Protein chains: 2
Amino acid sequence: MTSGDETGQRRDERWPTARGPRAGARATSRDVARAAGVSQATVSLVMGEKWRGRVSERTAEAVRSAARSLGYRPNLAARDLRLGRTRTVLLVVPALTNEFFARVHTGVVRVAREHGLGVVLYLSPEGTGPARDPFASASATLDGVLASSMAAEALGAIRGGGLPLVMLDSDPGHEGASATVNPEIADGMRQVAEHLLGLGHRRFLHLASDIDTWTFRVRARALAEALRGTDGAMVRTERAPLTVADGLRATEKALAEPGHRPTAIVCDDDVLAAGACKAARRLGLHVPADLSVTGFTDLALATAVEPELTTVQLPAEAVGEAGMRALVAVLDGRPPAPEALPVRLVTRGTTAYARP
Amino acid sequence: MTSGDETGQRRDERWPTARGPRAGARATSRDVARAAGVSQATVSLVMGEKWRGRVSERTAEAVRSAARSLGYRPNLAARDLRLGRTRTVLLVVPALTNEFFARVHTGVVRVAREHGLGVVLYLSPEGTGPARDPFASASATLDGVLASSMAAEALGAIRGGGLPLVMLDSDPGHEGASATVNPEIADGMRQVAEHLLGLGHRRFLHLASDIDTWTFRVRARALAEALRGTDGAMVRTERAPLTVADGLRATEKALAEPGHRPTAIVCDDDVLAAGACKAARRLGLHVPADLSVTGFTDLALATAVEPELTTVQLPAEAVGEAGMRALVAVLDGRPPAPEALPVRLVTRGTTAYARP
DNA sequence: AGCCTCGGGTTTTACGTATAACTAGAAGCG
DNA sequence: CGCTTCTAGTTATACGTAAAACCCGAGGCT
């Protein structure tokens, strides 16, 4: 019952070794047609759900049952070739080991699945290296691209491909992008600043990623703006790779320098914030009594450390979902509907009143 | 120089909207052939690097230059259809937000790229739900499958597909798997046990994932075995979902129960260990003075918390790489060469001598 | 009765590639 | 010189699908 054997294939012995293309040749639409006593075209119509008034319910059922018993699966390579389209999009992210991007990916996949689209990943070489050829890594041709925090050169390669492109977490003015999807990080930074100002802090250290992305500039500007009206408020910036160890090092170095002793460290990422907390403790400072620290993103790590991080919660999955929705719209020739992606400051254990 | 326009496509205005299949019809091998004044077959030969003695260097160069100036890219759907193969494998993991699997993925992709293979991901629904149809999510047909910690039913679906299958981090005796790739977690657990026994610990709490995988059973057995020879050694098991919060809850509950007060908590994952540390502190216990805690995996989190976790470092990328190498071997009809994946106990700040 | 419509199919074709089978001229060779 | 062999190609075909164009018998209409 599970699978017929009309085609005479043998598939019980030595099969996992699969020499050659594929052992035991899969059933095609023609096989199904033969089994159901109809033509291949009819099978195609039935399987494609396009048989409104073209095929009788009786034959349709016969086809479906034949397909089921043969274990028929359409050959997607053939379908893509025929349709000249792929129903596959490329997602470009720096690394999935960064929890934020892993969550973005989750959101992208969820929406993609709803629309019957596949997602293939391209991990852009971290740091400076221009992503050589995103397309080479995709074993399928592509319908569109979703790219995040990407090197400009790599983006050029994609532009050259002429594919619809949606940028995530990037400069909205990007030339060639059909849409840009961003969480409201400027607002998040404003919330952080107001929170800290309200606690009496005036001297800040801004600890950011060493990679110069648009997101850094946005945050830096938002922080500066929020501080503008306040007398005596000053901020210094330090930058480090996105690891706990580097955050620690950068903080130790910054705190050791003379003058300008910050009472609060504003970090662009929870990983850096965790490093900052460790550095503080190593220097004999108590967090948050002697020094306040804030993070960004709200990773799992944020509630693993003690005290738990006060941080800005980013809707990572929602970013992925919104990005994918925008790309689907572009693919359908519709203008993508802008979506708001609000962020929220979560006040936990690493912020307190500034020492007077 | 970058791209010619022989085909007459227009690609400067309004292009990202891309109505229909693809705006501006991509160049095909036939277009290249026309431009180079040769037949399509010759183009195919040249592009496929199969022209050892079949095509002169002069024509080959002509073809390559024509291809370059037309921006020719082979249509992979057509190639796959022709070859009946896909050069794409499926990687099944529970979730990429788990850093371990993200790192496995990284390793898989690295080796896949070396062999010109693509990787498509299937995120198996977490917990119990049987992965409905791994193939439906892949927009490409597949050559093989790499699966990790998978529900048995989903595995059945794959077996039904008759595809070569390599299991990661799973029961070596799995029926239908062509190979199994595992880090030596039993040895890791043995190292943990010896370390703790050496510090004088006798009463253990084993904190494990609530999902009953083979890896749990292996670790439990290894722990029991390592403790066997020691007088008075005893272990109790508690299980929880793999989050910091759940680890905390489970530990609080276990420590509150009467009798059997553990002096050491052995965790199957760093996330649980982080939770255990938080629980201990909440109960007024000092880690490691009053209670030792060990983790597993060595996630970024392990060095973010304080004190840093004593944990077993798993070679996640190497697991992915070895798995992919095994699958490549199977695809080529060779027997996969077994690879050792040793693990290593990293002694950091959460273990110390047991209170007498 | 002759013509049109319409349901329910079938025949045919095209998508772009890889490769097997063939060809034609030149060169080797006994 | 007549044969084979080699070089450098070309022609033809198949992969599996979707869909456009065609086809046919039965009703409906005037």
# chains A, B, ... in the order shown; residues from 1 in each chain; ligands from 1
>>> interface_residues(of="chain C", to="chain B", cutoff="12 Å", atoms="only C-alpha atoms (C1' of nucleotides)", output="short mmCIF file (atom, residue, chain, number, x, y, z; two decimals) with N, CA and C atoms (P, O5', C5', C4', C3', O3' and C1' of nucleotides), in the first residue's frame")
data_model
loop_
_atom_site.label_atom_id
_atom_site.label_comp_id
_atom_site.auth_asym_id
_atom_site.auth_seq_id
_atom_site.Cartn_x
_atom_site.Cartn_y
_atom_site.Cartn_z
P DC C 15 12.25 28.06 -25.56
"O5'" DC C 15 12.68 28.21 -24.03
"C5'" DC C 15 11.76 28.49 -22.97
"C4'" DC C 15 12.21 27.78 -21.74
"C3'" DC C 15 13.73 27.55 -21.69
"O3'" DC C 15 14.34 28.64 -21.02
"C1'" DC C 15 12.47 25.63 -20.93
P DG C 16 15.60 29.37 -21.71
"O5'" DG C 16 16.78 28.40 -21.31
"C5'" DG C 16 17.13 28.32 -19.93
"C4'" DG C 16 18.16 27.24 -19.76
"C3'" DG C 16 19.43 27.43 -20.60
"O3'" DG C 16 20.52 27.28 -19.71
"C1'" DG C 16 18.54 25.26 -20.94
P DT C 17 22.03 27.31 -20.17
"O5'" DT C 17 22.44 25.80 -20.02
"C5'" DT C 17 22.38 25.21 -18.73
"C4'" DT C 17 22.38 23.71 -18.86
"C3'" DT C 17 23.68 23.12 -19.36
"O3'" DT C 17 24.41 22.67 -18.22
"C1'" DT C 17 21.74 22.03 -20.28
P DA C 18 25.90 22.16 -18.39
"O5'" DA C 18 25.70 20.65 -18.87
"C5'" DA C 18 25.25 19.70 -17.93
"C4'" DA C 18 25.22 18.33 -18.58
"C3'" DA C 18 26.58 17.79 -19.03
"O3'" DA C 18 26.61 16.44 -18.65
"C1'" DA C 18 25.08 17.85 -20.87
P DT C 19 27.96 15.62 -18.68
"O5'" DT C 19 27.77 14.73 -19.98
"C5'" DT C 19 26.63 13.87 -20.06
"C4'" DT C 19 26.45 13.43 -21.47
"C3'" DT C 19 27.75 12.98 -22.16
"O3'" DT C 19 27.45 11.78 -22.84
"C1'" DT C 19 26.56 14.41 -23.54
P DA C 20 28.44 10.53 -22.65
"O5'" DA C 20 27.75 9.45 -23.60
"C5'" DA C 20 26.34 9.29 -23.57
"C4'" DA C 20 25.80 9.12 -24.98
"C3'" DA C 20 26.72 8.31 -25.89
"O3'" DA C 20 25.90 7.53 -26.75
"C1'" DA C 20 26.41 10.45 -26.82
#
>>> residues_around(residues="D:DG9", least_positions_apart="5", cutoff="10 Å", atoms="only C-alpha atoms (C1' of nucleotides)", output="list in words")
Val38, Ser39, Ala41, Thr42, Arg54, Val55 and Ser56 of chain B; DT23 and DA24 of chain C
>>> select_by_dssp(residues="stretch 149-282 of chain A", states="helix (DSSP H, G or I)", output="PyMOL selection string")
chain A and resi 152-161+185-198+214-228+244-256+270-282
>>> write_last_selection(atoms="C-alpha atoms", output="mmCIF file, in the first residue's frame")
data_model
loop_
_atom_site.group_PDB
_atom_site.id
_atom_site.type_symbol
_atom_site.label_atom_id
_atom_site.label_comp_id
_atom_site.auth_asym_id
_atom_site.auth_seq_id
_atom_site.Cartn_x
_atom_site.Cartn_y
_atom_site.Cartn_z
ATOM 1 C CA ALA A 152 28.868 47.299 -0.330
ATOM 2 C CA GLU A 153 30.947 45.367 -2.850
ATOM 3 C CA ALA A 154 28.913 42.213 -2.395
ATOM 4 C CA LEU A 155 25.824 44.253 -2.857
ATOM 5 C CA GLY A 156 27.234 45.374 -6.156
ATOM 6 C CA ALA A 157 27.420 41.762 -7.300
ATOM 7 C CA ILE A 158 23.777 41.313 -6.452
ATOM 8 C CA ARG A 159 22.754 44.492 -8.195
ATOM 9 C CA GLY A 160 24.535 43.147 -11.226
ATOM 10 C CA GLY A 161 22.289 40.131 -11.071
ATOM 11 C CA ILE A 185 16.998 51.158 16.970
ATOM 12 C CA ALA A 186 17.274 54.937 17.101
ATOM 13 C CA ASP A 187 14.236 54.955 19.305
ATOM 14 C CA GLY A 188 15.761 52.175 21.370
ATOM 15 C CA MET A 189 18.884 54.196 21.936
ATOM 16 C CA ARG A 190 16.765 57.175 22.882
ATOM 17 C CA GLN A 191 14.994 55.041 25.500
ATOM 18 C CA VAL A 192 18.341 53.939 26.879
ATOM 19 C CA ALA A 193 19.578 57.519 27.099
ATOM 20 C CA GLU A 194 16.450 58.762 28.798
ATOM 21 C CA HIS A 195 16.529 55.896 31.256
ATOM 22 C CA LEU A 196 20.137 56.609 32.196
ATOM 23 C CA LEU A 197 19.711 60.370 32.270
ATOM 24 C CA GLY A 198 16.757 59.853 34.575
ATOM 25 C CA TRP A 214 24.897 51.911 9.330
ATOM 26 C CA THR A 215 23.428 50.643 12.582
ATOM 27 C CA PHE A 216 26.398 51.997 14.495
ATOM 28 C CA ARG A 217 26.020 55.456 13.037
ATOM 29 C CA VAL A 218 22.311 55.489 13.756
ATOM 30 C CA ARG A 219 22.849 54.556 17.374
ATOM 31 C CA ALA A 220 25.675 56.992 17.860
ATOM 32 C CA ARG A 221 23.638 59.814 16.423
ATOM 33 C CA ALA A 222 20.558 58.912 18.462
ATOM 34 C CA LEU A 223 22.639 58.864 21.641
ATOM 35 C CA ALA A 224 24.238 62.200 20.884
ATOM 36 C CA GLU A 225 20.883 63.749 20.109
ATOM 37 C CA ALA A 226 19.252 62.460 23.260
ATOM 38 C CA LEU A 227 22.084 63.893 25.315
ATOM 39 C CA ARG A 228 22.111 67.263 23.603
ATOM 40 C CA VAL A 244 32.657 38.936 25.365
ATOM 41 C CA ALA A 245 36.449 38.853 25.622
ATOM 42 C CA ASP A 246 36.898 41.849 23.344
ATOM 43 C CA GLY A 247 34.209 43.802 25.168
ATOM 44 C CA LEU A 248 36.061 43.113 28.377
ATOM 45 C CA ARG A 249 39.377 44.241 26.972
ATOM 46 C CA ALA A 250 37.969 47.411 25.450
ATOM 47 C CA THR A 251 36.231 48.339 28.678
ATOM 48 C CA GLU A 252 39.298 47.725 30.816
ATOM 49 C CA LYS A 253 41.335 49.895 28.512
ATOM 50 C CA ALA A 254 38.749 52.686 28.440
ATOM 51 C CA LEU A 255 38.309 52.722 32.208
ATOM 52 C CA ALA A 256 42.040 52.772 32.763
ATOM 53 C CA ASP A 270 24.570 42.300 24.787
ATOM 54 C CA VAL A 271 27.794 40.434 24.160
ATOM 55 C CA LEU A 272 29.779 43.629 24.646
ATOM 56 C CA ALA A 273 27.701 44.481 27.700
ATOM 57 C CA ALA A 274 28.538 41.128 29.244
ATOM 58 C CA GLY A 275 32.195 41.861 28.644
ATOM 59 C CA ALA A 276 31.836 45.312 30.161
ATOM 60 C CA CYS A 277 30.295 43.865 33.322
ATOM 61 C CA LYS A 278 33.155 41.418 33.686
ATOM 62 C CA ALA A 279 35.686 44.179 33.206
ATOM 63 C CA ALA A 280 33.999 46.336 35.838
ATOM 64 C CA ARG A 281 34.038 43.557 38.379
ATOM 65 C CA ARG A 282 37.637 42.834 37.607
#
>>> select_by_dssp(residues="stretch 22-254 of chain B", states="strand (DSSP E or B)", output="ChimeraX atom specification")
/B:88-93,118-123,144-148,165-168,179-181,203-209,234-240
>>> interface_residues(of="chain D", to="chain B", cutoff="8 Å", atoms="only C-alpha atoms (C1' of nucleotides)", output="JSON, numbers by chain")
{"D": [7, 8, 9, 10, 14, 15, 16]}
>>> closest_residue(among="D:DC1, D:DC6, D:DA19, D:DC24", to="C:DG30", atoms="only C-alpha atoms (C1' of nucleotides)")
D:DC1
>>> residues_around(residues="D:DA20", least_positions_apart="2", cutoff="10 Å", atoms="only C-alpha atoms (C1' of nucleotides)", output="MDAnalysis selection string")
(chainID C and resid 12:13) or (chainID D and resid 18 22)
>>> residues_around(residues="D:DT4", least_positions_apart="4", cutoff="12 Å", atoms="only C-alpha atoms (C1' of nucleotides)", output="list in words")
DA27, DG28, DC29 and DG30 of chain C
>>> residues_around(residues="A:Glu317", least_positions_apart="3", cutoff="9 Å", atoms="only C-alpha atoms (C1' of nucleotides)", output="PDB file with N, CA and C atoms, in the first residue's frame")
ATOM      1  N   PHE A 100      21.158  36.873  17.023  1.00  0.00           N
ATOM      2  CA  PHE A 100      20.232  37.798  16.362  1.00  0.00           C
ATOM      3  C   PHE A 100      19.918  37.331  14.950  1.00  0.00           C
ATOM      4  N   PHE A 101      20.943  36.995  14.211  1.00  0.00           N
ATOM      5  CA  PHE A 101      20.721  36.584  12.828  1.00  0.00           C
ATOM      6  C   PHE A 101      20.056  35.220  12.737  1.00  0.00           C
ATOM      7  N   ALA A 102      20.356  34.361  13.682  1.00  0.00           N
ATOM      8  CA  ALA A 102      19.680  33.066  13.703  1.00  0.00           C
ATOM      9  C   ALA A 102      18.176  33.277  13.876  1.00  0.00           C
ATOM     10  N   ARG A 103      17.831  34.268  14.697  1.00  0.00           N
ATOM     11  CA  ARG A 103      16.407  34.526  14.911  1.00  0.00           C
ATOM     12  C   ARG A 103      15.785  35.218  13.707  1.00  0.00           C
ATOM     13  N   VAL A 104      16.525  36.098  13.075  1.00  0.00           N
ATOM     14  CA  VAL A 104      16.043  36.706  11.832  1.00  0.00           C
ATOM     15  C   VAL A 104      15.748  35.596  10.815  1.00  0.00           C
ATOM     16  N   HIS A 105      16.694  34.679  10.719  1.00  0.00           N
ATOM     17  CA  HIS A 105      16.533  33.556   9.790  1.00  0.00           C
ATOM     18  C   HIS A 105      15.253  32.786  10.093  1.00  0.00           C
ATOM     19  N   THR A 106      15.011  32.527  11.355  1.00  0.00           N
ATOM     20  CA  THR A 106      13.801  31.808  11.740  1.00  0.00           C
ATOM     21  C   THR A 106      12.551  32.514  11.212  1.00  0.00           C
ATOM     22  N   GLY A 107      12.515  33.838  11.367  1.00  0.00           N
ATOM     23  CA  GLY A 107      11.372  34.599  10.891  1.00  0.00           C
ATOM     24  C   GLY A 107      11.244  34.540   9.375  1.00  0.00           C
ATOM     25  N   VAL A 108      12.357  34.675   8.713  1.00  0.00           N
ATOM     26  CA  VAL A 108      12.357  34.624   7.248  1.00  0.00           C
ATOM     27  C   VAL A 108      11.796  33.286   6.768  1.00  0.00           C
ATOM     28  N   LEU A 314      15.206  43.616  20.732  1.00  0.00           N
ATOM     29  CA  LEU A 314      14.943  43.766  19.305  1.00  0.00           C
ATOM     30  C   LEU A 314      14.060  42.626  18.804  1.00  0.00           C
ATOM     31  N   GLY A 320      12.882  39.476  10.350  1.00  0.00           N
ATOM     32  CA  GLY A 320      12.926  38.479   9.282  1.00  0.00           C
ATOM     33  C   GLY A 320      11.583  38.339   8.593  1.00  0.00           C
ATOM     34  N   GLU A 321      10.535  38.313   9.374  1.00  0.00           N
ATOM     35  CA  GLU A 321       9.202  38.147   8.795  1.00  0.00           C
ATOM     36  C   GLU A 321       8.842  39.337   7.911  1.00  0.00           C
ATOM     37  N   ALA A 322       9.068  40.531   8.432  1.00  0.00           N
ATOM     38  CA  ALA A 322       8.738  41.732   7.666  1.00  0.00           C
ATOM     39  C   ALA A 322       9.569  41.795   6.390  1.00  0.00           C
TER      40      ALA A 322
END
>>> atom_distance(atom1="atom CA of B:Val328", atom2="atom CA of B:Val120")
15.2 Å
>>> residues_around(residues="A:Arg203", least_positions_apart="5", cutoff="8 Å", atoms="only C-alpha atoms (C1' of nucleotides)", output="PyMOL selection string")
chain A and resi 232-235+260-264
>>> residues_around(residues="B:Glu114", least_positions_apart="3", cutoff="12 Å", atoms="only C-alpha atoms (C1' of nucleotides)", output="list in words")
Ala136 and Ser137 of chain A; Arg87, Gly107, Val108, Val109, Arg110, Val111, Leu117, Gly118, Val119, Glu321, Met324, Arg325 and Val328 of chain B
>>> atom_distance(atom1="atom C1' of C:DA26", atom2="atom CA of B:Arg58")
18.1 Å
>>> atom_distance(atom1="atom CA of B:Asp268", atom2="atom CA of B:Gly229")
22.2 Å
>>> decode(residues="chain D", atoms="C-alpha atoms (C1' of nucleotides)", output="compact mmCIF listing (two decimals), in the first residue's frame")
# COMPACT_ATOMS: atom_id res chain seq x y z
C1' DC D 1 48.30 4.71 -51.25
C1' DG D 2 44.54 3.10 -48.41
C1' DC D 3 43.83 2.54 -43.73
C1' DT D 4 43.36 4.08 -39.00
C1' DT D 5 43.69 7.65 -35.59
C1' DC D 6 43.41 12.09 -33.87
C1' DT D 7 41.62 16.78 -33.52
C1' DA D 8 38.03 19.87 -33.27
C1' DG D 9 34.16 20.36 -33.64
C1' DT D 10 28.64 19.72 -34.78
C1' DT D 11 23.98 17.55 -34.55
C1' DA D 12 20.63 15.40 -32.04
C1' DT D 13 18.48 14.01 -27.98
C1' DA D 14 16.76 13.53 -23.27
C1' DC D 15 15.84 15.13 -18.69
C1' DG D 16 10.34 16.21 -16.31
C1' DT D 17 7.23 19.69 -16.19
C1' DA D 18 3.55 23.40 -17.43
C1' DA D 19 0.65 25.19 -20.45
C1' DA D 20 -0.88 26.69 -25.06
C1' DA D 21 -3.24 24.90 -28.75
C1' DC D 22 -6.04 21.54 -30.40
C1' DC D 23 -9.87 17.98 -30.44
C1' DC D 24 -14.24 15.64 -29.87
C1' DG D 25 -18.81 14.44 -28.46
C1' DA D 26 -23.01 16.17 -26.31
C1' DG D 27 -26.34 19.84 -25.49
C1' DG D 28 -28.49 24.22 -26.50
C1' DC D 29 -30.21 27.69 -29.61
C1' DT D 30 -32.38 29.67 -33.60
